file structure-v2.tsv (TSV, C-alpha atoms and all ligand atoms)
chain	number	residue	atom	x	y	z
A	1	MET	CA	60.60	125.63	127.41
A	2	ARG	CA	60.00	129.32	127.26
A	3	HIS	CA	62.44	129.58	124.33
A	4	ARG	CA	60.69	126.77	122.54
A	5	THR	CA	57.28	128.39	123.05
A	6	SER	CA	58.39	131.83	121.89
A	7	GLY	CA	60.23	130.28	118.94
A	8	TRP	CA	57.07	128.48	117.98
A	9	ALA	CA	55.05	131.67	118.38
A	10	LEU	CA	57.55	133.57	116.23
A	11	THR	CA	57.33	130.90	113.54
A	12	VAL	CA	53.54	131.18	113.54
A	13	LEU	CA	53.76	134.96	113.35
A	14	THR	CA	56.32	134.78	110.57
A	15	VAL	CA	54.22	132.31	108.60
A	16	LEU	CA	51.20	134.53	109.17
A	17	ALA	CA	53.15	137.58	108.06
A	18	VAL	CA	54.45	135.83	104.96
A	19	SER	CA	50.96	134.61	104.08
A	20	LEU	CA	49.71	138.17	104.44
A	21	GLY	CA	52.58	139.51	102.37
A	22	ILE	CA	54.09	141.43	105.31
A	23	PRO	CA	57.90	141.47	105.57
A	24	ALA	CA	59.04	139.28	108.45
A	25	GLN	CA	60.75	142.25	110.10
A	26	ALA	CA	57.36	143.88	110.57
A	27	THR	CA	56.51	141.33	113.24
A	28	ALA	CA	59.87	141.70	114.99
A	29	ALA	CA	60.02	145.48	115.05
A	30	PRO	CA	56.83	147.38	115.85
A	31	ALA	CA	56.73	150.94	114.56
A	32	PRO	CA	58.33	153.29	117.09
A	33	GLY	CA	55.57	154.89	119.10
A	34	ALA	CA	53.39	151.81	118.88
A	35	ALA	CA	52.60	149.93	122.07
A	36	PRO	CA	54.85	146.86	122.39
A	37	ALA	CA	53.04	143.70	121.35
A	38	ALA	CA	52.69	140.79	123.74
A	39	GLY	CA	56.08	139.12	124.09
A	40	GLN	CA	57.93	142.33	123.28
A	41	ALA	CA	58.22	143.67	126.81
A	42	GLU	CA	62.01	143.86	126.57
A	43	ARG	CA	61.91	147.53	127.52
A	44	ALA	CA	60.64	146.91	131.04
A	45	GLY	CA	62.27	149.22	133.53
A	46	ASP	CA	63.51	151.96	131.26
A	47	VAL	CA	61.80	154.81	129.46
A	48	HIS	CA	62.28	155.43	125.75
A	49	ALA	CA	61.63	158.71	123.96
A	50	VAL	CA	61.39	158.07	120.22
A	51	ARG	CA	61.20	160.59	117.38
A	52	GLN	CA	60.95	159.94	113.65
A	53	ASN	CA	63.09	162.30	111.58
A	54	ALA	CA	62.30	163.67	108.12
A	55	ASP	CA	65.40	161.97	106.67
A	56	GLY	CA	64.10	158.50	107.54
A	57	THR	CA	66.24	158.07	110.65
A	58	THR	CA	64.88	157.51	114.15
A	59	SER	CA	66.18	159.29	117.25
A	60	VAL	CA	65.93	157.56	120.62
A	61	SER	CA	66.85	158.42	124.20
A	62	VAL	CA	66.82	155.62	126.78
A	63	TYR	CA	66.47	156.84	130.37
A	64	ARG	CA	67.38	154.73	133.41
A	65	PRO	CA	65.11	155.55	136.36
A	66	ALA	CA	66.82	156.88	139.49
A	67	PRO	CA	66.56	154.86	142.72
A	68	GLY	CA	63.03	155.11	144.11
A	69	VAL	CA	61.62	156.43	140.81
A	70	THR	CA	59.26	154.15	138.88
A	71	ALA	CA	59.34	154.05	135.09
A	72	ASP	CA	55.83	155.51	135.04
A	73	ALA	CA	56.85	158.41	137.28
A	74	LEU	CA	59.92	159.07	135.12
A	75	ALA	CA	57.81	159.05	131.94
A	76	LYS	CA	55.41	161.60	133.47
A	77	LYS	CA	58.32	163.77	134.57
A	78	LEU	CA	59.93	163.71	131.11
A	79	LYS	CA	56.63	164.62	129.43
A	80	ALA	CA	56.12	167.47	131.90
A	81	LYS	CA	59.57	168.79	130.94
A	82	GLY	CA	58.57	168.78	127.26
A	83	VAL	CA	60.51	165.71	126.09
A	84	ARG	CA	58.82	164.54	122.89
A	85	GLY	CA	57.96	160.96	121.97
A	86	VAL	CA	57.98	159.53	125.50
A	87	GLN	CA	56.61	156.01	125.31
A	88	ALA	CA	54.47	154.38	127.97
A	89	PRO	CA	56.80	152.10	129.94
A	90	THR	CA	56.15	148.41	129.81
A	91	SER	CA	55.75	146.60	133.09
A	92	GLY	CA	55.98	143.16	134.56
A	93	ASP	CA	58.30	140.34	133.58
A	94	VAL	CA	60.76	140.83	130.79
A	95	THR	CA	59.78	138.29	128.18
A	96	ALA	CA	62.38	136.17	126.43
A	97	LEU	CA	62.64	136.93	122.72
A	98	ALA	CA	64.14	134.88	119.91
A	99	LEU	CA	67.80	135.35	118.95
A	100	PRO	CA	69.46	137.77	118.27
A	101	CYS	CA	67.16	139.83	120.53
A	102	SER	CA	67.66	137.69	123.61
A	103	TYR	CA	70.15	135.23	125.08
A	104	GLY	CA	69.58	133.88	128.58
A	105	THR	CA	69.11	136.91	130.82
A	106	ALA	CA	70.46	139.39	128.24
A	107	ARG	CA	68.36	141.46	125.82
A	108	SER	CA	69.20	143.62	122.82
A	109	LEU	CA	68.52	147.34	122.98
A	110	GLU	CA	66.00	147.11	120.15
A	111	CYS	CA	64.35	144.14	118.50
A	112	SER	CA	65.34	143.55	115.78
A	113	PRO	CA	68.71	144.83	116.99
A	114	VAL	CA	70.11	148.26	116.19
A	115	ARG	CA	73.87	147.84	115.73
A	116	TRP	CA	77.16	149.34	114.60
A	117	ALA	CA	78.41	148.78	111.04
A	118	HIS	CA	81.58	146.71	110.57
A	119	ASN	CA	82.97	149.18	107.97
A	120	GLY	CA	85.51	146.63	106.78
A	121	TYR	CA	86.73	145.58	110.23
A	122	ALA	CA	86.38	142.02	111.54
A	123	ASP	CA	84.44	143.54	114.47
A	124	PRO	CA	82.89	147.02	114.67
A	125	GLN	CA	85.28	149.46	116.36
A	126	VAL	CA	83.65	151.65	119.02
A	127	TYR	CA	85.55	154.42	120.80
A	128	PHE	CA	84.17	155.90	124.02
A	129	LEU	CA	85.27	159.55	124.10
A	130	ASP	CA	85.44	160.36	127.80
A	131	HIS	CA	84.50	163.84	129.03
A	132	THR	CA	83.70	162.69	132.57
A	133	SER	CA	85.17	163.38	135.99
A	134	SER	CA	86.98	160.69	137.94
A	135	ALA	CA	83.71	159.79	139.72
A	136	TRP	CA	82.68	157.91	136.58
A	137	PRO	CA	85.23	155.12	135.95
A	138	MET	CA	85.04	154.78	132.17
A	139	THR	CA	88.72	153.73	132.24
A	140	ALA	CA	87.60	150.53	134.03
A	141	VAL	CA	84.27	150.08	132.25
A	142	VAL	CA	85.45	150.18	128.64
A	143	PRO	CA	88.22	147.53	128.89
A	144	LYS	CA	85.68	145.19	130.52
A	145	TRP	CA	83.34	145.54	127.55
A	146	HIS	CA	86.34	145.05	125.26
A	147	GLU	CA	86.49	141.44	126.53
A	148	SER	CA	83.41	140.70	124.42
A	149	VAL	CA	83.70	138.77	121.19
A	150	GLY	CA	82.00	140.42	118.18
A	151	ILE	CA	82.63	144.09	118.93
A	152	ASP	CA	85.70	146.05	120.05
A	153	SER	CA	85.41	148.81	122.67
A	154	TYR	CA	88.18	151.37	123.15
A	155	TYR	CA	88.69	154.07	125.76
A	156	ARG	CA	89.79	157.51	124.55
A	157	TRP	CA	90.01	160.86	126.28
A	158	TYR	CA	87.74	163.26	124.38
A	159	THR	CA	90.47	165.77	123.51
A	160	ASP	CA	92.11	163.06	121.39
A	161	GLY	CA	89.05	163.15	119.11
A	162	CYS	CA	87.42	160.47	117.02
A	163	PRO	CA	90.02	158.50	115.03
A	164	GLY	CA	87.86	158.20	111.88
A	165	GLY	CA	88.61	155.63	109.17
A	166	GLY	CA	85.34	153.76	109.69
A	167	ARG	CA	85.72	153.65	113.46
A	168	HIS	CA	82.73	154.76	115.52
A	169	CYS	CA	82.67	157.16	118.47
A	170	ALA	CA	80.30	157.83	121.36
A	171	HIS	CA	80.71	160.84	123.62
A	172	VAL	CA	80.42	160.25	127.38
A	173	HIS	CA	79.37	163.20	129.56
A	174	ASN	CA	78.62	163.71	133.22
A	175	SER	CA	77.06	166.68	134.98
A	176	ASN	CA	74.72	167.55	137.78
A	177	TYR	CA	71.68	167.37	135.51
A	178	GLY	CA	69.50	167.82	138.63
A	179	ASN	CA	66.41	166.03	139.93
A	180	THR	CA	65.57	164.61	136.49
A	181	GLY	CA	64.34	161.20	137.63
A	182	TRP	CA	67.17	159.44	135.75
A	183	THR	CA	70.69	158.40	136.69
A	184	GLY	CA	71.83	157.84	133.13
A	185	VAL	CA	70.63	158.26	129.56
A	186	THR	CA	71.89	156.95	126.24
A	187	ASN	CA	70.98	158.90	123.11
A	188	TYR	CA	71.19	157.43	119.63
A	189	GLN	CA	69.90	157.67	116.11
A	190	TYR	CA	69.53	154.76	113.71
A	191	ASN	CA	68.86	154.56	109.99
A	192	SER	CA	66.37	152.49	107.99
A	193	ASP	CA	68.90	149.60	107.87
A	194	ARG	CA	68.95	149.68	111.69
A	195	TYR	CA	72.56	150.86	111.96
A	196	PHE	CA	73.59	153.51	114.49
A	197	VAL	CA	74.23	156.88	112.82
A	198	ASP	CA	77.81	158.06	113.39
A	199	GLY	CA	77.98	161.19	115.52
A	200	SER	CA	74.54	160.62	117.07
A	201	VAL	CA	75.42	158.34	120.00
A	202	SER	CA	76.17	159.71	123.46
A	203	MET	CA	75.86	158.86	127.14
A	204	GLN	CA	74.96	161.24	129.98
A	205	LEU	CA	75.67	160.33	133.60
A	206	ASN	CA	73.86	162.28	136.31
A	207	ASP	CA	75.87	163.39	139.36
A	208	TYR	CA	72.69	164.45	141.19
A	209	TYR	CA	71.80	161.02	142.62
A	210	GLY	CA	75.19	160.40	144.22
A	211	GLY	CA	75.82	156.80	145.15
A	212	SER	CA	78.82	154.64	145.93
A	213	ALA	CA	81.81	154.09	143.65
A	214	ALA	CA	80.30	150.71	142.70
A	215	GLU	CA	76.96	152.34	141.86
A	216	HIS	CA	78.68	154.92	139.67
A	217	ARG	CA	80.51	152.15	137.85
A	218	ASN	CA	77.26	150.19	137.56
A	219	THR	CA	75.56	153.09	135.77
A	220	ALA	CA	78.57	153.80	133.53
A	221	CYS	CA	78.77	150.09	132.61
A	222	HIS	CA	75.00	150.07	131.97
A	223	GLU	CA	74.92	153.02	129.60
A	224	ALA	CA	78.04	151.76	127.78
A	225	GLY	CA	76.20	148.46	127.22
A	226	HIS	CA	73.35	150.42	125.59
A	227	VAL	CA	75.90	152.14	123.33
A	228	LEU	CA	77.03	148.69	122.13
A	229	GLY	CA	73.44	147.60	121.40
A	230	LEU	CA	72.40	145.80	124.57
A	231	GLY	CA	69.14	146.43	126.42
A	232	HIS	CA	68.01	145.62	129.93
A	233	GLY	CA	68.70	142.13	131.20
A	234	THR	CA	66.80	140.23	133.85
A	235	SER	CA	69.74	139.30	136.10
A	236	THR	CA	71.12	141.41	138.94
A	237	SER	CA	74.50	139.77	138.22
A	238	SER	CA	74.81	142.12	135.22
A	239	CYS	CA	75.17	145.90	135.13
A	240	MET	CA	72.49	145.75	132.40
A	241	TYR	CA	69.79	145.10	135.03
A	242	SER	CA	67.13	147.81	134.80
A	243	SER	CA	67.66	149.33	138.25
A	244	ARG	CA	70.88	150.65	139.74
A	245	THR	CA	72.79	148.04	141.76
A	246	SER	CA	76.38	147.59	142.96
A	247	THR	CA	77.15	145.11	140.14
A	248	THR	CA	80.05	146.64	138.24
A	249	VAL	CA	80.38	144.27	135.27
A	250	PRO	CA	78.35	142.60	132.48
A	251	ASN	CA	77.48	138.90	132.86
A	252	SER	CA	78.20	135.93	130.61
A	253	ASP	CA	74.82	136.27	128.86
A	254	ASP	CA	75.68	139.82	127.78
A	255	PHE	CA	78.96	138.51	126.36
A	256	ALA	CA	77.11	135.65	124.65
A	257	LEU	CA	74.50	137.94	123.07
A	258	LEU	CA	76.89	140.54	121.60
A	259	PRO	CA	78.52	138.20	119.03
A	260	ARG	CA	75.02	137.16	117.99
A	261	ILE	CA	74.11	140.81	117.36
A	262	TYR	CA	77.46	141.18	115.51
A	263	PRO	CA	77.92	137.84	113.69
B	301	ZN	ZN	69.00	151.28	130.57

call {"tool": "encode", "arguments": {"input": "structure-v2.tsv", "output": "structure tokens"}}
result
Amino acid sequence: MRHRTSGWALTVLTVLAVSLGIPAQATAAPAPGAAPAAGQAERAGDVHAVRQNADGTTSVSVYRPAPGVTADALAKKLKAKGVRGVQAPTSGDVTALALPCSYGTARSLECSPVRWAHNGYADPQVYFLDHTSSAWPMTAVVPKWHESVGIDSYYRWYTDGCPGGGRHCAHVHNSNYGNTGWTGVTNYQYNSDRYFVDGSVSMQLNDYYGGSAAEHRNTACHEAGHVLGLGHGTSTSSCMYSSRTSTTVPNSDDFALLPRIYP
């Protein structure tokens, strides 16, 4: 019912936009920095810092709050540290959006989605270049994401470099970044066609907040899902849930949404 209602609302908005001569995308993707419209609360639970670049690209960092830290508290902390473009976190229930922004409990990272280019491959090829210590099990996380239809994820030790030839790479780092308020952050840049910019995408995993092996894997799985274009889901059965849990894997909705982002 909720899908039907939001689909109906989207149709009305689209018709309204068309009648006003506004491109349909304008209703689906509010300008970065703008407050999310009603029904666009897909960012609940994380904190985005968004900066518009002179070359027309947009740079984003998505921060996952540490245990016991609210999104509001994290946003205040980031601003106090001089991070630019910190957006006011959304709150409350994560609202279902129309495809390809939402499927079941899964959500895309941005709506409309930001995604990787195919570059001639049947599925976009994404290599995770691992700089991390053994505490962060990227060797387990990446093959799990590779099970998804629509996009191919590969593990690679960073010294082997990015293979090139239209394949994409994301660097994965860990460090004791300190009492930052976040356990993980994904940084990315996207162009006016809403494709990730090669060389701009990275993950940072914070040693400071400790946690169990399962919690480390949960955060690594979570940030890797952001790298592929997924946002925060509403189910604790997925590592894409906004808060840190002991869930080490994506759920079936994540795997159902990815091929819809990458048709
Ligand atoms: Zn997140």

call {"tool": "residues_near_ligand", "arguments": {"input": "structure-v2.tsv", "ligand": "ligand ZN 301 (chain B)", "cutoff": "6 Å", "atoms": "all atoms listed in the file", "output": "PDB file with C-alpha atoms, keeping the file's coordinate frame"}}
result
ATOM      1  CA  ASP A  46      63.510 151.960 131.260  1.00  0.00           C
ATOM      2  CA  ARG A  64      67.380 154.730 133.410  1.00  0.00           C
ATOM      3  CA  HIS A 232      68.010 145.620 129.930  1.00  0.00           C
ATOM      4  CA  SER A 242      67.130 147.810 134.800  1.00  0.00           C
TER       5      SER A 242
END

call {"tool": "closest_residue", "arguments": {"input": "structure-v2.tsv", "among": "A:His216, A:His171, A:Arg115, A:Arg244", "to": "Phe196 of chain A", "atoms": "only C-alpha atoms"}}
result
A:Arg115

call {"tool": "atom_distance", "arguments": {"input": "structure-v2.tsv", "atom1": "atom CA of Cys162 of chain A", "atom2": "atom CA of Val201 of chain A"}}
result
12.5 Å

call {"tool": "atom_distance", "arguments": {"input": "structure-v2.tsv", "atom1": "atom CA of Trp116 of chain A", "atom2": "atom CA of Gly166 of chain A"}}
result
10.5 Å

call {"tool": "closest_residue", "arguments": {"input": "structure-v2.tsv", "among": "A:Lys76, A:Asn119, A:Cys221, A:Phe255", "to": "Ala140 of chain A", "atoms": "all atoms listed in the file"}}
result
A:Cys221
